[in-house]
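Engineer: I'd like to ask some things about the structure below.
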Amino acid sequence: MRTEVGSPVQYTLDLEQGIHMNSYIGQSIRLTHTGVILCCNCGKRTKNSFGQGFCFNCFQTAPQASPCIINPELCRAHLGEGRDIEWEHTNHNVPHVVYLASTDVIKVGVTRASHLHTRWMDQGAYQTIILAETANRFEAGKIELALKAEMNDKTNWQRMLKNEIDLSIDLIEEKGRVEDLLPFDLRDFVSDNDQVNIFEYPVLSYPDKVKSLGFDKTPVVEGKLKGIKGQYLIFEDNSVINIRKHTSYEVIFEAL
Ligand SMILES: [Zn+2]
Ligand SMILES: [Zn+2]
């Protein structure tokens, strides 16, 4: 789903025609997976999807599936190296941001500066602040790595979906604390931008338990849509589906 900044966040399901999903909240919908998965990189049919929408071959060769996507500290774009030098230059040898995001705990993350808000909304972040600004992905990765021992770098999606938020977390204060954890040579990257961003998601009510569905086992997912958060659709019976995980799955959408 494509996300746009809004109050609440706006979601469009990218099928042949874009479907504005916010419009269907409170209504019954059905998503049917046809069984066809087309690789997001080469477009060829694949039996299984690897790493969010790739066929096995592309997963092993495409720059969008490089190890430096998951581990930015492995990025070699700044040295003019990588699976695809041109792609790395345009996508990873560009300004990156290290950020703090809070839900029930604080996590650290890295993203391209131009993708900041999309990344935050895709994760269902409640509030965020920029920690550091760097010239490339590698430097941002070094900062994240230095903090990994002290903090989370993954979102707990179940807590995120249950909307477990610690409202007492003060991100400006946390940024100061985290800065002190950094080795001296990395402190110069700390950003002066102390703006705290708060995100509101289109959810009528949050589930107290969540049951995760997937198109591989459940090709037809239907029910009353109760809300959308991160990349998840939340249904009235507390079932949820991660749409991002099913990138490249051919799906038919119906309003019931
Ligand atoms: Zn492919
Ligand atoms: Zn890279």
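Chain identifiers are assigned as A, B, and so on, following the order in which chains appear in the structure tokens; residues are numbered from 1 within each chain, and ligands are numbered from 1 in order of appearance.
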Could you list the protein, DNA and RNA residues that have any atom within 9 Å of ligand 1, counting only C-alpha atoms and all ligand atoms, and write them as a PyMOL selection string?

Structural biologist: chain A and resi 38-46+53-59+62

Engineer: Would you write out those residues with C-alpha atoms, as a PDB file, in the first residue's frame?

Structural biologist:
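Contents of selection-v8.pdb, freshly written:
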```pdb
ATOM      1  CA  LEU A  38       4.968 -12.074 -10.311  1.00  0.00           C
ATOM      2  CA  CYS A  39       8.475 -11.041  -9.239  1.00  0.00           C
ATOM      3  CA  CYS A  40       8.609  -7.296  -8.474  1.00  0.00           C
ATOM      4  CA  ASN A  41      11.954  -7.011 -10.244  1.00  0.00           C
ATOM      5  CA  CYS A  42      11.889  -9.155 -13.410  1.00  0.00           C
ATOM      6  CA  GLY A  43       8.113  -9.685 -13.664  1.00  0.00           C
ATOM      7  CA  LYS A  44       8.467 -13.456 -14.112  1.00  0.00           C
ATOM      8  CA  ARG A  45       6.093 -15.836 -12.402  1.00  0.00           C
ATOM      9  CA  THR A  46       7.507 -17.359  -9.232  1.00  0.00           C
ATOM     10  CA  GLY A  53       8.300  -9.862  -3.664  1.00  0.00           C
ATOM     11  CA  PHE A  54      11.367 -11.222  -5.445  1.00  0.00           C
ATOM     12  CA  CYS A  55      11.845 -14.487  -7.348  1.00  0.00           C
ATOM     13  CA  PHE A  56      14.766 -16.522  -6.020  1.00  0.00           C
ATOM     14  CA  ASN A  57      17.144 -15.362  -8.747  1.00  0.00           C
ATOM     15  CA  CYS A  58      16.400 -11.653  -8.226  1.00  0.00           C
ATOM     16  CA  PHE A  59      16.532 -12.065  -4.466  1.00  0.00           C
ATOM     17  CA  ALA A  62      18.931  -7.529  -7.424  1.00  0.00           C
TER      18      ALA A  62
END
```

Engineer: Which residues of chain A have any atom within 8 Å of an atom in ligand 2 when counting only C-alpha atoms and all ligand atoms, and what is the closest pair of atoms for each, with the distance in Å to one decimal? Order the rows by chain and rising number and write it as a tab-separated table.

Structural biologist:
```
residue	atom	partner	partner_atom_place_in_ligand_line	distance
A:Pro63	CA	ligand 2	1 (Zn)	7.8
A:Ser66	CA	ligand 2	1 (Zn)	7.0
A:Pro67	CA	ligand 2	1 (Zn)	7.8
A:Cys68	CA	ligand 2	1 (Zn)	4.8
A:Ile69	CA	ligand 2	1 (Zn)	6.4
A:Pro72	CA	ligand 2	1 (Zn)	6.6
A:Leu74	CA	ligand 2	1 (Zn)	7.2
A:Cys75	CA	ligand 2	1 (Zn)	3.9
A:Arg76	CA	ligand 2	1 (Zn)	5.7
A:Ala77	CA	ligand 2	1 (Zn)	5.2
A:Gly82	CA	ligand 2	1 (Zn)	6.5
A:Glu88	CA	ligand 2	1 (Zn)	5.4
A:Asn91	CA	ligand 2	1 (Zn)	7.5
A:His92	CA	ligand 2	1 (Zn)	5.0
A:Asn93	CA	ligand 2	1 (Zn)	7.6
A:Arg137	CA	ligand 2	1 (Zn)	6.5
A:Phe138	CA	ligand 2	1 (Zn)	7.4
```

Engineer: I need the residue nearest Leu13 (chain A) from this list: A:Thr103, A:Gln64, A:Gln123, A:Thr247. Use only C-alpha atoms for the distance.

Structural biologist: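 That would be A:Thr247, the residue with the smallest distance to Leu13 (chain A).
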
Engineer: Taking only region 120-247 of chain A into account, list the residues labelled strand (DSSP E or B) by DSSP (computed from the backbone), as a PyMOL selection string.

Structural biologist: chain A and resi 127-134+152+190+197-198+203+211-213+220-229+232-235+239-242

Engineer: Which is closest to Leu213 (chain A) among A:Asn156, A:Asn242, A:Asn163, A:Gln60, if we use only C-alpha atoms?

Structural biologist: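 For Leu213 (chain A), the nearest of the given residues is A:Asn242.
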
Engineer: CA of Asp216 (chain A) and CA of His33 (chain A) are how many Å apart?

Structural biologist: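 Between CA of Asp216 (chain A) and CA of His33 (chain A) the gap works out to 8.4 Å.
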
Engineer: For His117 (chain A), which residue among A:Glu16, A:Lys211, A:Ile130, A:Ile25 is the nearest when counting only C-alpha atoms?

Structural biologist: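 Checking each candidate against His117 (chain A), we get A:Ile130 as the closest.
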
Engineer: Hey, which of A:Gly176, A:Gly35, A:Gly141, A:Pro8 ends up closest to Lys217 (chain A)? Count only C-alpha atoms.

Structural biologist: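 Result for the nearest residue to Lys217 (chain A): A:Gly35.
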
Engineer: Each residue of region 52-135 of chain A lying at most 12 Å from region 232-235 of chain A should get a row with its shortest atom-to-atom pair and the distance in Å to one decimal, counting only C-alpha atoms; could you produce that, ordered by chain and increasing number, as CSV?

Structural biologist:
```
residue,atom,partner,partner_atom,distance
A:Met121,CA,A:Tyr232,CA,10.9
A:Asp122,CA,A:Tyr232,CA,8.8
A:Gln123,CA,A:Tyr232,CA,9.4
A:Gly124,CA,A:Tyr232,CA,8.8
```

Engineer: Applying 12 Å and only C-alpha atoms, which residues near Glu4 (chain A) remain after dropping the ones on its own chain fewer than 3 positions away? List them as a PDB file with all heavy atoms, in the first residue's frame.

Structural biologist:
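Wrote selection.pdb, looks like this:
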```pdb
ATOM      1  N   MET A   1       0.841  -1.196   0.000  1.00  0.00           N
ATOM      2  CA  MET A   1       0.000   0.000   0.000  1.00  0.00           C
ATOM      3  C   MET A   1       0.874   1.243   0.000  1.00  0.00           C
ATOM      4  O   MET A   1       1.854   1.311   0.725  1.00  0.00           O
ATOM      5  CB  MET A   1      -0.875   0.024   1.261  1.00  0.00           C
ATOM      6  CG  MET A   1      -2.045  -0.944   1.199  1.00  0.00           C
ATOM      7  SD  MET A   1      -3.092  -0.815   2.657  1.00  0.00           S
ATOM      8  CE  MET A   1      -2.028  -1.530   3.909  1.00  0.00           C
ATOM      9  N   SER A   7      -3.957  13.342   8.162  1.00  0.00           N
ATOM     10  CA  SER A   7      -4.445  13.160   9.512  1.00  0.00           C
ATOM     11  C   SER A   7      -5.877  12.638   9.402  1.00  0.00           C
ATOM     12  O   SER A   7      -6.778  13.437   9.229  1.00  0.00           O
ATOM     13  CB  SER A   7      -4.351  14.506  10.213  1.00  0.00           C
ATOM     14  OG  SER A   7      -4.941  14.505  11.395  1.00  0.00           O
ATOM     15  N   PRO A   8      -6.088  11.315   9.382  1.00  0.00           N
ATOM     16  CA  PRO A   8      -5.065  10.279   9.548  1.00  0.00           C
ATOM     17  C   PRO A   8      -4.270  10.016   8.264  1.00  0.00           C
ATOM     18  O   PRO A   8      -4.577  10.584   7.223  1.00  0.00           O
ATOM     19  CB  PRO A   8      -5.912   9.052   9.903  1.00  0.00           C
ATOM     20  CG  PRO A   8      -7.162   9.228   9.107  1.00  0.00           C
ATOM     21  CD  PRO A   8      -7.427  10.728   9.143  1.00  0.00           C
ATOM     22  N   VAL A   9      -3.275   9.115   8.390  1.00  0.00           N
ATOM     23  CA  VAL A   9      -2.474   8.648   7.254  1.00  0.00           C
ATOM     24  C   VAL A   9      -3.404   8.081   6.177  1.00  0.00           C
ATOM     25  O   VAL A   9      -4.396   7.429   6.492  1.00  0.00           O
ATOM     26  CB  VAL A   9      -1.497   7.538   7.748  1.00  0.00           C
ATOM     27  CG1 VAL A   9      -0.738   6.901   6.600  1.00  0.00           C
ATOM     28  CG2 VAL A   9      -0.527   8.112   8.782  1.00  0.00           C
ATOM     29  N   GLN A  10      -3.088   8.346   4.912  1.00  0.00           N
ATOM     30  CA  GLN A  10      -3.920   7.873   3.794  1.00  0.00           C
ATOM     31  C   GLN A  10      -3.262   6.671   3.117  1.00  0.00           C
ATOM     32  O   GLN A  10      -2.056   6.686   2.850  1.00  0.00           O
ATOM     33  CB  GLN A  10      -4.099   8.997   2.766  1.00  0.00           C
ATOM     34  CG  GLN A  10      -4.776  10.242   3.325  1.00  0.00           C
ATOM     35  CD  GLN A  10      -6.222   9.983   3.715  1.00  0.00           C
ATOM     36  OE1 GLN A  10      -7.016   9.456   2.938  1.00  0.00           O
ATOM     37  NE2 GLN A  10      -6.569  10.335   4.950  1.00  0.00           N
ATOM     38  N   TYR A  11      -4.074   5.655   2.822  1.00  0.00           N
ATOM     39  CA  TYR A  11      -3.560   4.414   2.228  1.00  0.00           C
ATOM     40  C   TYR A  11      -4.195   4.129   0.878  1.00  0.00           C
ATOM     41  O   TYR A  11      -5.420   4.200   0.746  1.00  0.00           O
ATOM     42  CB  TYR A  11      -3.883   3.228   3.138  1.00  0.00           C
ATOM     43  CG  TYR A  11      -3.044   3.196   4.387  1.00  0.00           C
ATOM     44  CD1 TYR A  11      -3.507   3.750   5.576  1.00  0.00           C
ATOM     45  CD2 TYR A  11      -1.793   2.605   4.379  1.00  0.00           C
ATOM     46  CE1 TYR A  11      -2.745   3.710   6.731  1.00  0.00           C
ATOM     47  CE2 TYR A  11      -1.017   2.561   5.528  1.00  0.00           C
ATOM     48  CZ  TYR A  11      -1.500   3.118   6.699  1.00  0.00           C
ATOM     49  OH  TYR A  11      -0.731   3.079   7.829  1.00  0.00           O
ATOM     50  N   THR A  12      -3.369   3.793  -0.097  1.00  0.00           N
ATOM     51  CA  THR A  12      -3.866   3.374  -1.403  1.00  0.00           C
ATOM     52  C   THR A  12      -3.300   2.004  -1.723  1.00  0.00           C
ATOM     53  O   THR A  12      -2.081   1.797  -1.698  1.00  0.00           O
ATOM     54  CB  THR A  12      -3.437   4.385  -2.494  1.00  0.00           C
ATOM     55  OG1 THR A  12      -3.915   5.681  -2.108  1.00  0.00           O
ATOM     56  CG2 THR A  12      -4.019   4.022  -3.845  1.00  0.00           C
ATOM     57  N   LEU A  13      -4.200   1.056  -2.002  1.00  0.00           N
ATOM     58  CA  LEU A  13      -3.775  -0.289  -2.380  1.00  0.00           C
ATOM     59  C   LEU A  13      -3.434  -0.255  -3.861  1.00  0.00           C
ATOM     60  O   LEU A  13      -4.278   0.089  -4.690  1.00  0.00           O
ATOM     61  CB  LEU A  13      -4.918  -1.277  -2.082  1.00  0.00           C
ATOM     62  CG  LEU A  13      -4.647  -2.758  -2.317  1.00  0.00           C
ATOM     63  CD1 LEU A  13      -3.518  -3.266  -1.426  1.00  0.00           C
ATOM     64  CD2 LEU A  13      -5.921  -3.568  -2.037  1.00  0.00           C
ATOM     65  N   HIS A  20      -8.357   3.539  -2.798  1.00  0.00           N
ATOM     66  CA  HIS A  20      -8.180   4.347  -1.592  1.00  0.00           C
ATOM     67  C   HIS A  20      -8.803   3.604  -0.411  1.00  0.00           C
ATOM     68  O   HIS A  20     -10.018   3.588  -0.240  1.00  0.00           O
ATOM     69  CB  HIS A  20      -8.841   5.722  -1.796  1.00  0.00           C
ATOM     70  CG  HIS A  20      -8.700   6.609  -0.608  1.00  0.00           C
ATOM     71  ND1 HIS A  20      -9.775   7.185   0.029  1.00  0.00           N
ATOM     72  CD2 HIS A  20      -7.596   7.011   0.068  1.00  0.00           C
ATOM     73  CE1 HIS A  20      -9.326   7.907   1.048  1.00  0.00           C
ATOM     74  NE2 HIS A  20      -8.017   7.817   1.093  1.00  0.00           N
ATOM     75  N   MET A  21      -7.959   2.939   0.381  1.00  0.00           N
ATOM     76  CA  MET A  21      -8.465   2.008   1.397  1.00  0.00           C
ATOM     77  C   MET A  21      -9.161   2.702   2.560  1.00  0.00           C
ATOM     78  O   MET A  21     -10.045   2.125   3.190  1.00  0.00           O
ATOM     79  CB  MET A  21      -7.315   1.127   1.906  1.00  0.00           C
ATOM     80  CG  MET A  21      -6.759   0.175   0.864  1.00  0.00           C
ATOM     81  SD  MET A  21      -8.010  -0.881   0.108  1.00  0.00           S
ATOM     82  CE  MET A  21      -8.334  -2.023   1.463  1.00  0.00           C
ATOM     83  N   ASN A  22      -8.782   3.945   2.857  1.00  0.00           N
ATOM     84  CA  ASN A  22      -9.450   4.651   3.965  1.00  0.00           C
ATOM     85  C   ASN A  22     -10.967   4.695   3.753  1.00  0.00           C
ATOM     86  O   ASN A  22     -11.732   4.664   4.706  1.00  0.00           O
ATOM     87  CB  ASN A  22      -8.930   6.089   4.080  1.00  0.00           C
ATOM     88  CG  ASN A  22      -7.467   6.151   4.414  1.00  0.00           C
ATOM     89  OD1 ASN A  22      -6.638   5.596   3.696  1.00  0.00           O
ATOM     90  ND2 ASN A  22      -7.112   6.825   5.501  1.00  0.00           N
ATOM     91  N   HIS A 115      12.856   9.305   1.923  1.00  0.00           N
ATOM     92  CA  HIS A 115      11.796   8.327   2.195  1.00  0.00           C
ATOM     93  C   HIS A 115      11.313   8.344   3.640  1.00  0.00           C
ATOM     94  O   HIS A 115      10.610   7.438   4.083  1.00  0.00           O
ATOM     95  CB  HIS A 115      12.314   6.911   1.907  1.00  0.00           C
ATOM     96  CG  HIS A 115      12.377   6.586   0.457  1.00  0.00           C
ATOM     97  ND1 HIS A 115      12.984   7.417  -0.447  1.00  0.00           N
ATOM     98  CD2 HIS A 115      11.907   5.533  -0.247  1.00  0.00           C
ATOM     99  CE1 HIS A 115      12.885   6.873  -1.656  1.00  0.00           C
ATOM    100  NE2 HIS A 115      12.233   5.739  -1.558  1.00  0.00           N
ATOM    101  N   LEU A 116      11.722   9.382   4.344  1.00  0.00           N
ATOM    102  CA  LEU A 116      11.533   9.417   5.793  1.00  0.00           C
ATOM    103  C   LEU A 116      10.096   9.173   6.242  1.00  0.00           C
ATOM    104  O   LEU A 116       9.812   8.260   7.010  1.00  0.00           O
ATOM    105  CB  LEU A 116      12.006  10.791   6.256  1.00  0.00           C
ATOM    106  CG  LEU A 116      12.465  10.945   7.670  1.00  0.00           C
ATOM    107  CD1 LEU A 116      13.427   9.845   8.051  1.00  0.00           C
ATOM    108  CD2 LEU A 116      13.150  12.304   7.809  1.00  0.00           C
ATOM    109  N   HIS A 117       9.166   9.984   5.733  1.00  0.00           N
ATOM    110  CA  HIS A 117       7.786   9.878   6.225  1.00  0.00           C
ATOM    111  C   HIS A 117       7.137   8.562   5.816  1.00  0.00           C
ATOM    112  O   HIS A 117       6.405   7.961   6.591  1.00  0.00           O
ATOM    113  CB  HIS A 117       6.969  11.084   5.769  1.00  0.00           C
ATOM    114  CG  HIS A 117       7.259  12.292   6.610  1.00  0.00           C
ATOM    115  ND1 HIS A 117       8.378  13.065   6.406  1.00  0.00           N
ATOM    116  CD2 HIS A 117       6.624  12.804   7.678  1.00  0.00           C
ATOM    117  CE1 HIS A 117       8.398  14.020   7.322  1.00  0.00           C
ATOM    118  NE2 HIS A 117       7.352  13.888   8.108  1.00  0.00           N
ATOM    119  N   THR A 118       7.441   8.119   4.594  1.00  0.00           N
ATOM    120  CA  THR A 118       6.890   6.842   4.127  1.00  0.00           C
ATOM    121  C   THR A 118       7.338   5.722   5.056  1.00  0.00           C
ATOM    122  O   THR A 118       6.549   4.877   5.463  1.00  0.00           O
ATOM    123  CB  THR A 118       7.412   6.560   2.700  1.00  0.00           C
ATOM    124  OG1 THR A 118       7.150   7.696   1.910  1.00  0.00           O
ATOM    125  CG2 THR A 118       6.762   5.345   2.106  1.00  0.00           C
ATOM    126  N   ARG A 119       8.601   5.742   5.389  1.00  0.00           N
ATOM    127  CA  ARG A 119       9.151   4.701   6.245  1.00  0.00           C
ATOM    128  C   ARG A 119       8.451   4.690   7.603  1.00  0.00           C
ATOM    129  O   ARG A 119       8.075   3.638   8.129  1.00  0.00           O
ATOM    130  CB  ARG A 119      10.649   4.946   6.407  1.00  0.00           C
ATOM    131  CG  ARG A 119      11.378   3.971   7.282  1.00  0.00           C
ATOM    132  CD  ARG A 119      11.312   2.564   6.706  1.00  0.00           C
ATOM    133  NE  ARG A 119      12.015   1.631   7.558  1.00  0.00           N
ATOM    134  CZ  ARG A 119      13.296   1.301   7.397  1.00  0.00           C
ATOM    135  NH1 ARG A 119      13.989   1.812   6.421  1.00  0.00           N
ATOM    136  NH2 ARG A 119      13.870   0.454   8.223  1.00  0.00           N
ATOM    137  N   TRP A 120       8.266   5.867   8.169  1.00  0.00           N
ATOM    138  CA  TRP A 120       7.629   5.958   9.486  1.00  0.00           C
ATOM    139  C   TRP A 120       6.185   5.449   9.450  1.00  0.00           C
ATOM    140  O   TRP A 120       5.766   4.698  10.323  1.00  0.00           O
ATOM    141  CB  TRP A 120       7.675   7.410   9.976  1.00  0.00           C
ATOM    142  CG  TRP A 120       9.052   7.859  10.355  1.00  0.00           C
ATOM    143  CD1 TRP A 120      10.099   7.042  10.710  1.00  0.00           C
ATOM    144  CD2 TRP A 120       9.546   9.195  10.436  1.00  0.00           C
ATOM    145  NE1 TRP A 120      11.198   7.802  10.995  1.00  0.00           N
ATOM    146  CE2 TRP A 120      10.900   9.122  10.844  1.00  0.00           C
ATOM    147  CE3 TRP A 120       8.987  10.452  10.213  1.00  0.00           C
ATOM    148  CZ2 TRP A 120      11.682  10.251  11.036  1.00  0.00           C
ATOM    149  CZ3 TRP A 120       9.759  11.584  10.405  1.00  0.00           C
ATOM    150  CH2 TRP A 120      11.104  11.485  10.808  1.00  0.00           C
ATOM    151  N   MET A 121       5.465   5.833   8.428  1.00  0.00           N
ATOM    152  CA  MET A 121       4.061   5.405   8.329  1.00  0.00           C
ATOM    153  C   MET A 121       3.969   3.907   8.063  1.00  0.00           C
ATOM    154  O   MET A 121       3.095   3.232   8.594  1.00  0.00           O
ATOM    155  CB  MET A 121       3.348   6.193   7.231  1.00  0.00           C
ATOM    156  CG  MET A 121       3.251   7.677   7.566  1.00  0.00           C
ATOM    157  SD  MET A 121       2.327   8.628   6.337  1.00  0.00           S
ATOM    158  CE  MET A 121       3.470   8.632   4.973  1.00  0.00           C
ATOM    159  N   ASP A 122       4.897   3.377   7.248  1.00  0.00           N
ATOM    160  CA  ASP A 122       4.909   1.935   6.959  1.00  0.00           C
ATOM    161  C   ASP A 122       5.147   1.106   8.215  1.00  0.00           C
ATOM    162  O   ASP A 122       4.762  -0.049   8.286  1.00  0.00           O
ATOM    163  CB  ASP A 122       6.016   1.594   5.949  1.00  0.00           C
ATOM    164  CG  ASP A 122       5.604   1.918   4.531  1.00  0.00           C
ATOM    165  OD1 ASP A 122       4.434   2.286   4.317  1.00  0.00           O
ATOM    166  OD2 ASP A 122       6.461   1.809   3.643  1.00  0.00           O
ATOM    167  N   PHE A 199       2.016  10.579  14.392  1.00  0.00           N
ATOM    168  CA  PHE A 199       1.195  10.018  13.321  1.00  0.00           C
ATOM    169  C   PHE A 199      -0.104   9.447  13.871  1.00  0.00           C
ATOM    170  O   PHE A 199      -0.123   8.816  14.924  1.00  0.00           O
ATOM    171  CB  PHE A 199       1.975   8.920  12.574  1.00  0.00           C
ATOM    172  CG  PHE A 199       3.185   9.456  11.886  1.00  0.00           C
ATOM    173  CD1 PHE A 199       4.413   9.487  12.527  1.00  0.00           C
ATOM    174  CD2 PHE A 199       3.088   9.989  10.607  1.00  0.00           C
ATOM    175  CE1 PHE A 199       5.530  10.021  11.900  1.00  0.00           C
ATOM    176  CE2 PHE A 199       4.199  10.519   9.967  1.00  0.00           C
ATOM    177  CZ  PHE A 199       5.423  10.531  10.619  1.00  0.00           C
ATOM    178  N   GLU A 200      -1.156   9.689  13.093  1.00  0.00           N
ATOM    179  CA  GLU A 200      -2.473   9.189  13.471  1.00  0.00           C
ATOM    180  C   GLU A 200      -2.932   8.254  12.354  1.00  0.00           C
ATOM    181  O   GLU A 200      -2.804   8.586  11.182  1.00  0.00           O
ATOM    182  CB  GLU A 200      -3.417  10.397  13.582  1.00  0.00           C
ATOM    183  CG  GLU A 200      -4.795  10.111  14.072  1.00  0.00           C
ATOM    184  CD  GLU A 200      -5.750  11.231  13.642  1.00  0.00           C
ATOM    185  OE1 GLU A 200      -5.306  12.397  13.549  1.00  0.00           O
ATOM    186  OE2 GLU A 200      -6.912  10.913  13.372  1.00  0.00           O
ATOM    187  N   TYR A 201      -3.431   7.097  12.722  1.00  0.00           N
ATOM    188  CA  TYR A 201      -3.812   6.083  11.727  1.00  0.00           C
ATOM    189  C   TYR A 201      -5.327   5.919  11.678  1.00  0.00           C
ATOM    190  O   TYR A 201      -6.009   6.126  12.687  1.00  0.00           O
ATOM    191  CB  TYR A 201      -3.131   4.750  12.067  1.00  0.00           C
ATOM    192  CG  TYR A 201      -1.630   4.896  11.994  1.00  0.00           C
ATOM    193  CD1 TYR A 201      -0.894   5.278  13.117  1.00  0.00           C
ATOM    194  CD2 TYR A 201      -0.966   4.732  10.788  1.00  0.00           C
ATOM    195  CE1 TYR A 201       0.481   5.473  13.037  1.00  0.00           C
ATOM    196  CE2 TYR A 201       0.409   4.921  10.697  1.00  0.00           C
ATOM    197  CZ  TYR A 201       1.123   5.301  11.824  1.00  0.00           C
ATOM    198  OH  TYR A 201       2.470   5.499  11.739  1.00  0.00           O
ATOM    199  N   GLY A 230       0.417   0.933   9.896  1.00  0.00           N
ATOM    200  CA  GLY A 230       1.632   0.397   9.302  1.00  0.00           C
ATOM    201  C   GLY A 230       1.254  -0.096   7.919  1.00  0.00           C
ATOM    202  O   GLY A 230       0.640   0.633   7.144  1.00  0.00           O
TER     203      GLY A 230
END
```

Engineer: Do you have the CA of Thr61 (chain A)-CA of Val251 (chain A) distance handy?

Structural biologist: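 Those two atoms sit 26.2 Å apart.
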
Engineer: Which one of A:Lys47, A:Gln231, A:Leu225, A:Ile243 sits closest to Gly26 (chain A) if you count only C-alpha atoms?

Structural biologist: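 Of A:Lys47, A:Gln231, A:Leu225, A:Ile243, the one nearest Gly26 (chain A) is A:Leu225, counting only C-alpha atoms.
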
Engineer: DSSP on the backbone, then: every residue of region 38-94 of chain A marked alpha helix (DSSP H), written as an MDAnalysis selection string.

Structural biologist: chainID A and resid 56:61 67:70 85:91

Engineer: Near Ala135 (chain A), counting only C-alpha atoms, which residues have an atom at most 8 Å away, once you skip same-chain residues fewer than 6 positions from it, shown as a tab-separated table (two decimals) with N, CA and C atoms, in the first residue's frame?

Structural biologist:
```
chain	number	residue	atom	x	y	z
A	93	ASN	N	24.23	6.16	-2.00
A	93	ASN	CA	25.27	7.18	-1.82
A	93	ASN	C	24.60	8.55	-1.80
A	94	VAL	N	23.54	8.66	-1.05
A	94	VAL	CA	22.71	9.88	-0.94
A	94	VAL	C	22.40	10.08	0.54
A	95	PRO	N	21.95	11.30	0.91
A	95	PRO	CA	21.69	11.56	2.33
A	95	PRO	C	20.75	10.54	2.99
A	96	HIS	N	21.16	10.08	4.16
A	96	HIS	CA	20.38	9.15	4.96
A	96	HIS	C	20.14	9.75	6.34
```

Engineer: May I have the residues within 10 Å of region 219-223 of chain A as a ChimeraX atom specification, using only C-alpha atoms and disregarding those fewer than 5 positions away in the same chain?

Structural biologist: /A:26-35,213-214,234-241,251-256
